[in-house]
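Visitor: What follows is start_29.pdb, made up of PDB, C-alpha atoms:
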ATOM      1  CA  MET A   1       0.000   0.000   0.000
ATOM      2  CA  LYS A   2       1.334   3.404  -0.977
ATOM      3  CA  SER A   3       1.724   6.035   1.685
ATOM      4  CA  PRO A   4       0.045   9.451   1.204
ATOM      5  CA  GLN A   5       3.481  11.040   0.833
ATOM      6  CA  SER A   6       4.450   8.805  -2.089
ATOM      7  CA  LYS A   7       1.646  10.285  -4.218
ATOM      8  CA  SER A   8       3.260  13.727  -4.059
ATOM      9  CA  ILE A   9       6.659  12.577  -5.338
ATOM     10  CA  ARG A  10       7.343  13.932  -8.819
ATOM     11  CA  LEU A  11      10.001  12.408 -11.018
ATOM     12  CA  GLY A  12      12.461  14.763 -12.686
ATOM     13  CA  PHE A  13      12.769  12.520 -15.752
ATOM     14  CA  GLU A  14      10.690  10.003 -17.692
ATOM     15  CA  ARG A  15      11.255   6.381 -16.660
ATOM     16  CA  ASP A  16      12.392   5.147 -20.087
ATOM     17  CA  CYS A  17      14.718   6.475 -22.767
ATOM     18  CA  ILE A  18      13.420   6.830 -26.321
ATOM     19  CA  GLU A  19      14.960   7.218 -29.771
ATOM     20  CA  ILE A  20      14.456  10.737 -31.147
ATOM     21  CA  PRO A  21      15.457  11.898 -34.677
ATOM     22  CA  LEU A  22      18.327  14.398 -34.521
ATOM     23  CA  GLU A  23      16.363  16.815 -36.721
ATOM     24  CA  LYS A  24      13.949  17.316 -33.823
ATOM     25  CA  LEU A  25      16.683  18.302 -31.364
ATOM     26  CA  ARG A  26      17.449  22.004 -30.813
ATOM     27  CA  TYR A  27      20.326  23.663 -28.941
ATOM     28  CA  THR A  28      19.470  25.999 -26.079
ATOM     29  CA  VAL A  29      22.837  27.689 -26.712
ATOM     30  CA  GLU A  30      24.797  27.336 -29.939
ATOM     31  CA  LEU A  31      28.162  25.584 -29.842
ATOM     32  CA  PRO A  32      31.158  27.932 -29.579
ATOM     33  CA  THR A  33      32.952  28.837 -32.784
ATOM     34  CA  GLY A  34      35.848  26.503 -33.524
ATOM     35  CA  ILE A  35      34.699  23.826 -31.043
ATOM     36  CA  LYS A  36      35.118  21.099 -33.681
ATOM     37  CA  GLU A  37      38.858  21.795 -33.803
ATOM     38  CA  SER A  38      39.239  21.249 -30.059
ATOM     39  CA  ILE A  39      40.814  18.114 -28.556
ATOM     40  CA  THR A  40      37.710  17.514 -26.418
ATOM     41  CA  TYR A  41      35.383  17.450 -29.408
ATOM     42  CA  ARG A  42      37.697  15.175 -31.398
ATOM     43  CA  GLN A  43      37.834  12.735 -28.466
ATOM     44  CA  ILE A  44      34.036  12.756 -28.147
ATOM     45  CA  ARG A  45      33.583  12.208 -31.870
ATOM     46  CA  SER A  46      36.092   9.355 -31.880
ATOM     47  CA  SER A  47      34.470   7.784 -28.817
ATOM     48  CA  VAL A  48      30.976   7.954 -30.321
ATOM     49  CA  GLN A  49      32.267   6.509 -33.590
ATOM     50  CA  VAL A  50      34.043   3.552 -31.964
ATOM     51  CA  ILE A  51      31.939   2.831 -28.849
ATOM     52  CA  GLY A  52      28.619   4.420 -29.686
ATOM     53  CA  LEU A  53      26.462   6.573 -27.441
ATOM     54  CA  VAL A  54      26.971   5.321 -23.874
ATOM     55  CA  GLU A  55      24.992   7.998 -22.015
ATOM     56  CA  PRO A  56      21.632   9.210 -23.397
ATOM     57  CA  ILE A  57      21.116  12.801 -24.486
ATOM     58  CA  VAL A  58      19.051  14.725 -21.909
ATOM     59  CA  VAL A  59      16.246  16.784 -23.461
ATOM     60  CA  VAL A  60      13.066  18.640 -22.569
ATOM     61  CA  LEU A  61       9.985  19.364 -24.703
ATOM     62  CA  ASN A  62      10.294  22.636 -26.619
ATOM     63  CA  SER A  63       7.334  24.800 -25.594
ATOM     64  CA  SER A  64       7.954  27.317 -28.402
ATOM     65  CA  GLN A  65       8.106  24.824 -31.295
ATOM     66  CA  ARG A  66       5.818  21.834 -31.511
ATOM     67  CA  ASP A  67       7.220  18.317 -31.803
ATOM     68  CA  THR A  68      10.805  19.392 -31.035
ATOM     69  CA  PHE A  69      13.088  19.092 -28.009
ATOM     70  CA  LEU A  70      15.687  21.304 -26.347
ATOM     71  CA  ILE A  71      19.027  19.696 -25.452
ATOM     72  CA  LEU A  72      19.891  20.068 -21.765
ATOM     73  CA  ASP A  73      22.998  17.866 -21.767
ATOM     74  CA  GLY A  74      24.964  16.361 -24.678
ATOM     75  CA  ARG A  75      25.334  19.107 -27.288
ATOM     76  CA  MET A  76      28.746  17.933 -28.472
ATOM     77  CA  ARG A  77      27.619  14.302 -28.585
ATOM     78  CA  VAL A  78      24.673  15.320 -30.768
ATOM     79  CA  GLU A  79      26.985  17.313 -33.036
ATOM     80  CA  ALA A  80      29.327  14.311 -33.281
ATOM     81  CA  LEU A  81      26.394  12.056 -34.212
ATOM     82  CA  ARG A  82      25.388  14.514 -36.940
ATOM     83  CA  ASP A  83      28.940  14.592 -38.307
ATOM     84  CA  LEU A  84      28.932  10.791 -38.407
ATOM     85  CA  GLY A  85      25.668  10.693 -40.335
ATOM     86  CA  VAL A  86      23.579   9.184 -37.520
ATOM     87  CA  GLN A  87      19.873   9.941 -37.874
ATOM     88  CA  GLN A  88      18.599   9.489 -34.309
ATOM     89  CA  ALA A  89      19.827   9.248 -30.723
ATOM     90  CA  LEU A  90      18.729   7.672 -27.450
ATOM     91  CA  CYS A  91      17.317  10.452 -25.246
ATOM     92  CA  LEU A  92      16.176  10.892 -21.655
ATOM     93  CA  ILE A  93      13.258  13.334 -21.405
ATOM     94  CA  SER A  94      13.205  15.755 -18.469
ATOM     95  CA  THR A  95       9.785  16.526 -16.999
ATOM     96  CA  ASP A  96      11.007  19.841 -15.542
ATOM     97  CA  ASP A  97      11.487  23.036 -17.480
ATOM     98  CA  GLU A  98      14.781  23.842 -19.135
ATOM     99  CA  GLY A  99      15.893  25.965 -16.161
ATOM    100  CA  TYR A 100      16.204  22.808 -14.073
ATOM    101  CA  THR A 101      19.162  21.566 -16.042
ATOM    102  CA  TYR A 102      20.668  18.133 -15.900
ATOM    103  CA  ASN A 103      24.166  19.622 -15.701
ATOM    104  CA  LYS A 104      23.337  21.341 -12.415
ATOM    105  CA  ARG A 105      22.093  18.141 -10.779
ATOM    106  CA  VAL A 106      24.822  15.617 -11.610
ATOM    107  CA  ASN A 107      28.551  15.363 -11.138
ATOM    108  CA  ARG A 108      31.029  14.650 -13.873
ATOM    109  CA  LEU A 109      32.247  11.084 -14.273
ATOM    110  CA  SER A 110      34.293   9.763 -11.392
ATOM    111  CA  VAL A 111      37.102   7.230 -11.787
ATOM    112  CA  VAL A 112      34.766   4.405 -10.732
ATOM    113  CA  GLN A 113      32.045   5.499 -13.149
ATOM    114  CA  ALA A 114      34.569   5.753 -15.997
ATOM    115  CA  HIS A 115      35.759   2.215 -15.180
ATOM    116  CA  ARG A 116      32.201   0.910 -15.358
ATOM    117  CA  MET A 117      31.618   2.606 -18.708
ATOM    118  CA  ILE A 118      34.739   1.005 -20.165
ATOM    119  CA  VAL A 119      33.682  -2.405 -18.849
ATOM    120  CA  ARG A 120      30.200  -1.896 -20.306
ATOM    121  CA  ALA A 121      31.663  -0.988 -23.685
ATOM    122  CA  ALA A 122      33.861  -4.108 -23.616
ATOM    123  CA  GLU A 123      30.813  -6.234 -22.807
ATOM    124  CA  ARG A 124      29.218  -4.840 -25.967
ATOM    125  CA  GLY A 125      32.104  -6.189 -28.001
ATOM    126  CA  VAL A 126      34.409  -3.157 -28.237
ATOM    127  CA  SER A 127      38.047  -4.302 -28.275
ATOM    128  CA  VAL A 128      40.854  -2.923 -26.101
ATOM    129  CA  LYS A 129      42.475  -1.424 -29.195
ATOM    130  CA  GLN A 130      39.257   0.347 -30.194
ATOM    131  CA  LEU A 131      38.821   1.718 -26.688
ATOM    132  CA  ALA A 132      42.418   2.966 -26.656
ATOM    133  CA  GLU A 133      41.915   4.723 -30.002
ATOM    134  CA  ALA A 134      38.611   6.236 -28.898
ATOM    135  CA  LEU A 135      40.000   7.584 -25.619
ATOM    136  CA  ASN A 136      43.405   8.494 -27.080
ATOM    137  CA  VAL A 137      45.359   6.415 -24.542
ATOM    138  CA  SER A 138      47.593   3.354 -24.741
ATOM    139  CA  THR A 139      46.249  -0.205 -24.650
ATOM    140  CA  ASP A 140      48.181  -0.734 -21.394
ATOM    141  CA  ALA A 141      46.287   2.184 -19.840
ATOM    142  CA  ILE A 142      42.968   0.623 -20.889
ATOM    143  CA  ARG A 143      43.984  -2.712 -19.324
ATOM    144  CA  GLN A 144      44.883  -0.904 -16.098
ATOM    145  CA  LYS A 145      41.461   0.761 -16.094
ATOM    146  CA  PHE A 146      39.856  -2.674 -16.472
ATOM    147  CA  ARG A 147      41.695  -3.881 -13.368
ATOM    148  CA  LEU A 148      40.941  -0.721 -11.361
ATOM    149  CA  LEU A 149      38.686  -2.405  -8.792
ATOM    150  CA  ASP A 150      40.497  -5.732  -8.536
ATOM    151  CA  GLY A 151      41.253  -6.228  -4.838
ATOM    152  CA  ILE A 152      38.958  -3.382  -3.724
ATOM    153  CA  CYS A 153      36.079  -4.410  -1.435
ATOM    154  CA  ASP A 154      32.482  -3.561  -2.377
ATOM    155  CA  GLU A 155      31.976  -1.204   0.568
ATOM    156  CA  VAL A 156      34.866   1.001  -0.599
ATOM    157  CA  VAL A 157      33.536   1.022  -4.165
ATOM    158  CA  MET A 158      30.199   2.286  -2.834
ATOM    159  CA  LEU A 159      31.883   4.952  -0.694
ATOM    160  CA  LEU A 160      34.030   6.287  -3.552
ATOM    161  CA  ALA A 161      31.724   5.662  -6.527
ATOM    162  CA  GLU A 162      30.898   9.346  -6.994
ATOM    163  CA  LYS A 163      33.953  10.901  -5.335
ATOM    164  CA  PRO A 164      36.872  12.589  -7.159
ATOM    165  CA  ALA A 165      39.249   9.742  -6.323
ATOM    166  CA  THR A 166      42.355   9.075  -8.439
ATOM    167  CA  TYR A 167      43.651   5.917 -10.092
ATOM    168  CA  GLY A 168      46.792   6.056  -7.965
ATOM    169  CA  MET A 169      44.729   6.157  -4.788
ATOM    170  CA  PHE A 170      43.071   2.834  -5.679
ATOM    171  CA  HIS A 171      46.519   1.309  -6.269
ATOM    172  CA  VAL A 172      47.424   2.276  -2.697
ATOM    173  CA  LEU A 173      44.164   0.891  -1.276
ATOM    174  CA  LYS A 174      44.846  -2.481  -2.918
ATOM    175  CA  GLN A 175      47.810  -2.923  -0.588
ATOM    176  CA  MET A 176      45.458  -3.001   2.421
ATOM    177  CA  LYS A 177      43.040  -5.593   3.709
ATOM    178  CA  PRO A 178      39.274  -4.884   3.347
ATOM    179  CA  PHE A 179      38.630  -3.514   6.863
ATOM    180  CA  ARG A 180      41.563  -1.110   6.573
ATOM    181  CA  GLN A 181      40.425  -0.100   3.069
ATOM    182  CA  ILE A 182      37.032   0.868   4.496
ATOM    183  CA  ASP A 183      38.645   2.784   7.366
ATOM    184  CA  VAL A 184      40.908   4.753   5.015
ATOM    185  CA  ALA A 185      38.144   5.444   2.488
ATOM    186  CA  GLN A 186      35.820   6.701   5.231
ATOM    187  CA  SER A 187      38.572   8.970   6.586
ATOM    188  CA  MET A 188      39.081  10.444   3.107
ATOM    189  CA  VAL A 189      35.343  11.078   2.763
ATOM    190  CA  ASN A 190      35.239  12.771   6.196
ATOM    191  CA  LEU A 191      38.245  14.940   5.305
ATOM    192  CA  ASN A 192      37.028  15.498   1.724
ATOM    193  CA  ASN A 193      40.570  14.734   0.612
ATOM    194  CA  TYR A 194      41.215  12.032  -2.010
ATOM    195  CA  SER A 195      44.826  12.822  -2.812
ATOM    196  CA  LEU A 196      47.498  10.233  -3.454
ATOM    197  CA  LYS A 197      49.650  11.955  -0.831
ATOM    198  CA  LEU A 198      47.083  11.325   1.913
ATOM    199  CA  ALA A 199      46.557   7.726   0.748
ATOM    200  CA  ASN A 200      50.297   7.051   0.954
ATOM    201  CA  ALA A 201      50.477   8.640   4.408
ATOM    202  CA  MET A 202      47.709   6.354   5.631
ATOM    203  CA  LEU A 203      49.410   3.362   4.032
ATOM    204  CA  GLN A 204      52.582   4.145   5.983
ATOM    205  CA  ASN A 205      50.429   4.372   9.110
ATOM    206  CA  THR A 206      48.800   0.975   8.532
ATOM    207  CA  PRO A 207      49.825  -1.866  10.879
ATOM    208  CA  ILE A 208      51.550  -4.799   9.157
ATOM    209  CA  GLU A 209      48.694  -7.164  10.027
ATOM    210  CA  GLN A 210      46.238  -4.958   8.102
ATOM    211  CA  LEU A 211      48.287  -5.066   4.892
ATOM    212  CA  THR A 212      48.077  -7.685   2.149
ATOM    213  CA  GLU A 213      50.778 -10.351   2.229
ATOM    214  CA  ARG A 214      52.667  -8.764  -0.636
ATOM    215  CA  ALA A 215      52.507  -5.272   0.851
ATOM    216  CA  ALA A 216      53.405  -6.587   4.314
ATOM    217  CA  ALA A 217      56.513  -8.314   2.967
ATOM    218  CA  LYS A 218      57.530  -5.095   1.254
ATOM    219  CA  ASN A 219      56.945  -2.925   4.323
ATOM    220  CA  GLN A 220      58.140  -5.199   7.142
ATOM    221  CA  SER A 221      61.037  -2.924   7.890
ATOM    222  CA  THR A 222      58.752   0.074   8.251
ATOM    223  CA  VAL A 223      57.365   0.721  11.756
ATOM    224  CA  PRO A 224      54.261   2.975  11.878
ATOM    225  CA  SER A 225      55.036   6.213  13.620
ATOM    226  CA  GLU A 226      52.968   7.168  16.633
ATOM    227  CA  ALA A 227      53.314  10.778  15.506
ATOM    228  CA  ILE A 228      51.597   9.948  12.200
ATOM    229  CA  ARG A 229      48.803   8.134  14.050
ATOM    230  CA  ARG A 230      48.300  11.148  16.276
ATOM    231  CA  LEU A 231      48.325  13.480  13.273
ATOM    232  CA  GLU A 232      45.634  11.401  11.562
ATOM    233  CA  ARG A 233      43.424  11.576  14.656
ATOM    234  CA  GLU A 234      44.015  15.307  15.033
ATOM    235  CA  LEU A 235      43.176  15.942  11.369
ATOM    236  CA  ALA A 236      39.868  14.099  11.718
ATOM    237  CA  SER A 237      39.096  15.969  14.943
ATOM    238  CA  MET A 238      39.977  19.326  13.390
ATOM    239  CA  GLN A 239      37.726  18.626  10.411
ATOM    240  CA  SER A 240      34.837  17.845  12.751
ATOM    241  CA  ASP A 241      35.467  20.985  14.847
ATOM    242  CA  THR A 242      35.655  23.127  11.705
ATOM    243  CA  ARG A 243      32.274  21.883  10.512
ATOM    244  CA  LEU A 244      30.714  22.621  13.902
ATOM    245  CA  LEU A 245      32.150  26.145  13.830
ATOM    246  CA  GLU A 246      30.834  26.724  10.300
ATOM    247  CA  GLU A 247      27.358  25.555  11.333
ATOM    248  CA  GLY A 248      27.307  27.740  14.436
ATOM    249  CA  TYR A 249      28.925  30.893  13.028
ATOM    250  CA  GLY A 250      25.770  32.310  11.409
ATOM    251  CA  PRO A 251      23.453  31.983  14.445
ATOM    252  CA  ALA A 252      26.208  33.201  16.787
ATOM    253  CA  SER A 253      26.815  36.304  14.636
ATOM    254  CA  LEU A 254      23.105  37.098  14.579
ATOM    255  CA  GLU A 255      22.843  36.694  18.347
ATOM    256  CA  LEU A 256      25.865  38.968  18.865
ATOM    257  CA  GLU A 257      24.364  41.655  16.619
ATOM    258  CA  ILE A 258      21.057  41.557  18.534
ATOM    259  CA  ASN A 259      22.825  41.787  21.901
ATOM    260  CA  LYS A 260      25.085  44.613  20.665
ATOM    261  CA  SER A 261      22.089  46.592  19.400
ATOM    262  CA  TYR A 262      20.208  46.132  22.660
ATOM    263  CA  ILE A 263      23.194  47.221  24.750
ATOM    264  CA  GLY A 264      24.005  50.244  22.587
ATOM    265  CA  GLU A 265      20.456  51.446  21.840
ATOM    266  CA  SER A 266      18.673  50.558  25.081
ATOM    267  CA  LEU A 267      20.907  50.095  28.097
ATOM    268  CA  LEU A 268      23.578  52.727  27.381
ATOM    269  CA  GLU A 269      21.003  55.258  26.186
ATOM    270  CA  ASN A 270      19.324  55.114  29.584
ATOM    271  CA  ALA A 271      21.007  57.723  31.777
ATOM    272  CA  ALA A 272      19.793  56.124  35.005
ATOM    273  CA  VAL A 273      21.258  52.754  34.059
ATOM    274  CA  VAL A 274      24.576  54.317  33.051
ATOM    275  CA  ARG A 275      24.809  56.244  36.353
ATOM    276  CA  TRP A 276      24.026  53.128  38.381
ATOM    277  CA  LEU A 277      26.620  51.049  36.488
ATOM    278  CA  ALA A 278      29.244  53.777  36.806
ATOM    279  CA  LYS A 279      28.647  53.958  40.558
ATOM    280  CA  THR A 280      28.306  50.260  41.404
ATOM    281  CA  HIS A 281      29.952  48.263  38.557
ATOM    282  CA  PRO A 282      32.287  50.492  36.524
ATOM    283  CA  ASP A 283      34.057  47.441  35.125
ATOM    284  CA  TYR A 284      30.741  46.124  33.728
ATOM    285  CA  LEU A 285      30.040  49.522  32.149
ATOM    286  CA  GLN A 286      33.433  49.483  30.460
ATOM    287  CA  GLN A 287      32.833  46.035  28.981
ATOM    288  CA  LEU A 288      29.325  46.945  27.778
ATOM    289  CA  GLN A 289      30.692  50.050  26.039
ATOM    290  CA  ARG A 290      33.308  47.915  24.310
ATOM    291  CA  ILE A 291      30.621  45.520  23.081
ATOM    292  CA  ALA A 292      28.441  48.364  21.815
ATOM    293  CA  ASN A 293      31.404  49.781  19.843
ATOM    294  CA  ILE A 294      32.198  46.534  18.013
ATOM    295  CA  THR A 295      32.099  47.108  14.246
ATOM    296  CA  GLU A 296      33.468  43.766  13.063
ATOM    297  CA  LEU A 297      34.487  40.458  14.545
ATOM    298  CA  PRO A 298      38.219  39.783  14.999
ATOM    299  CA  THR A 299      39.719  37.400  12.441
ATOM    300  CA  ARG A 300      41.677  35.474  15.041
TER     301      ARG A 300
END
Could you express the structure from this file as structure tokens?
Guide:
Amino acid sequence: MKSPQSKSIRLGFERDCIEIPLEKLRYTVELPTGIKESITYRQIRSSVQVIGLVEPIVVVLNSSQRDTFLILDGRMRVEALRDLGVQQALCLISTDDEGYTYNKRVNRLSVVQAHRMIVRAAERGVSVKQLAEALNVSTDAIRQKFRLLDGICDEVVMLLAEKPATYGMFHVLKQMKPFRQIDVAQSMVNLNNYSLKLANAMLQNTPIEQLTERAAAKNQSTVPSEAIRRLERELASMQSDTRLLEEGYGPASLELEINKSYIGESLLENAAVVRWLAKTHPDYLQQLQRIANITELPTR
């Protein structure tokens, strides 16, 4: 049984993709002059020619011209298809207006997503050589991309699927056992830092028993430094404290402004109050005057 709330949920896109003739697709903004001479466009054209269209074109119904669609995402892919003589393309139809653009709601491909696309293309019969030509990389690089997640546990893949992780970082993670992989990946997410430098630092800080046999044999002579362990803990603590400060800064500033206005415009404008404070608590009066004269918060 559906809950009352579920009836109010509105999908941003149609459930299924459909084939739409390219002649019915319109650009919301024309392509820049000379874009076809760029390296990016040539790579896209080569990829579409060799692999085909992996991601659908995102479109919305054109309210100003019947039976046509506006392209929200995929202008260069559409242009490449036209150059290659393709007549239609697989499209995903947005149910929102063109202001709610697909580009604003998704992230660019992560390393994990790129790996999955390459694997999907290979499953469709595209050879390693064709993939290398399409992506303008060596066949060895394509083979390395295929093996990206070998030795990486599923939990880490889920954690980093949409994060800006690097290929080198996954190579470092492979030297750790699953529980340590999860610990390191979670620390990187908390710190919002996916650099190879941080991954190597955490590898050096990993106990021998949490390394793979090969990595343990290679690092047996290396003893984890207590200073590095302490630094890792302090970094995580500092990140947490920084977030708390960021969350509380706005309300605290508003509260300070209200208090300052009350002190300056009410208390210190009352002659009787000022006389009483000056006579009984001159130190309080001095502090209140200082608060009322604050024009900006100190930076440190």
Visitor: As an exercise, work out the distance from atom CA of A:Tyr194 to atom CA of A:Thr139 in Å and give it to one decimal place.
Guide: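 We find that atom CA of A:Tyr194 and atom CA of A:Thr139 lie 26.2 Å from each other.
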Visitor: Using all atoms listed in the file, which protein or nucleic acid residues come within 10 Å of A:Glu133? Drop anything in the same chain fewer than 3 positions from it, and give the result as a list in words.
Guide: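 Here the qualifying residues turn out to be Gln43, Ser46, Ser47, Val50, Ser127, Val128, Lys129, Gln130, Asn136, Val137, Ser138 and Thr139 of chain A.
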Visitor: Which value, in Å to one decimal, gives the distance between atom CA of A:Leu84 and atom CA of A:Gln49?
Guide: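 Computed distance, atom CA of A:Leu84 to atom CA of A:Gln49, equals 7.3 Å.
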Visitor: Starting from the PyMOL selection byres ((chain A and resi 70) around 6), expand the selection into actual residues of this file and give them as JSON, numbers by chain.
Guide: {"A": [25, 26, 27, 59, 60, 62, 69, 71]}
Visitor: Step by step, gather every atom of stretch 61-67 of chain A that the file lists, find the box along x, y and z that holds them, add 4 Å on each side, and finally give centre and edge lengths in Å to one decimal, as AutoDock Vina command-line options.
Guide:
--center_x 8.1 --center_y 22.8 --center_z -28.3 --size_x 12.5 --size_y 17.0 --size_z 15.1
Visitor: Taking all atoms listed in the file into account, which of A:Asn200, A:Ser237, A:Gly52, A:Thr40 comes nearest A:Arg124?
Guide: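 Checking each of A:Asn200, A:Ser237, A:Gly52, A:Thr40 against A:Arg124, counting all atoms listed in the file, the winner is A:Gly52.
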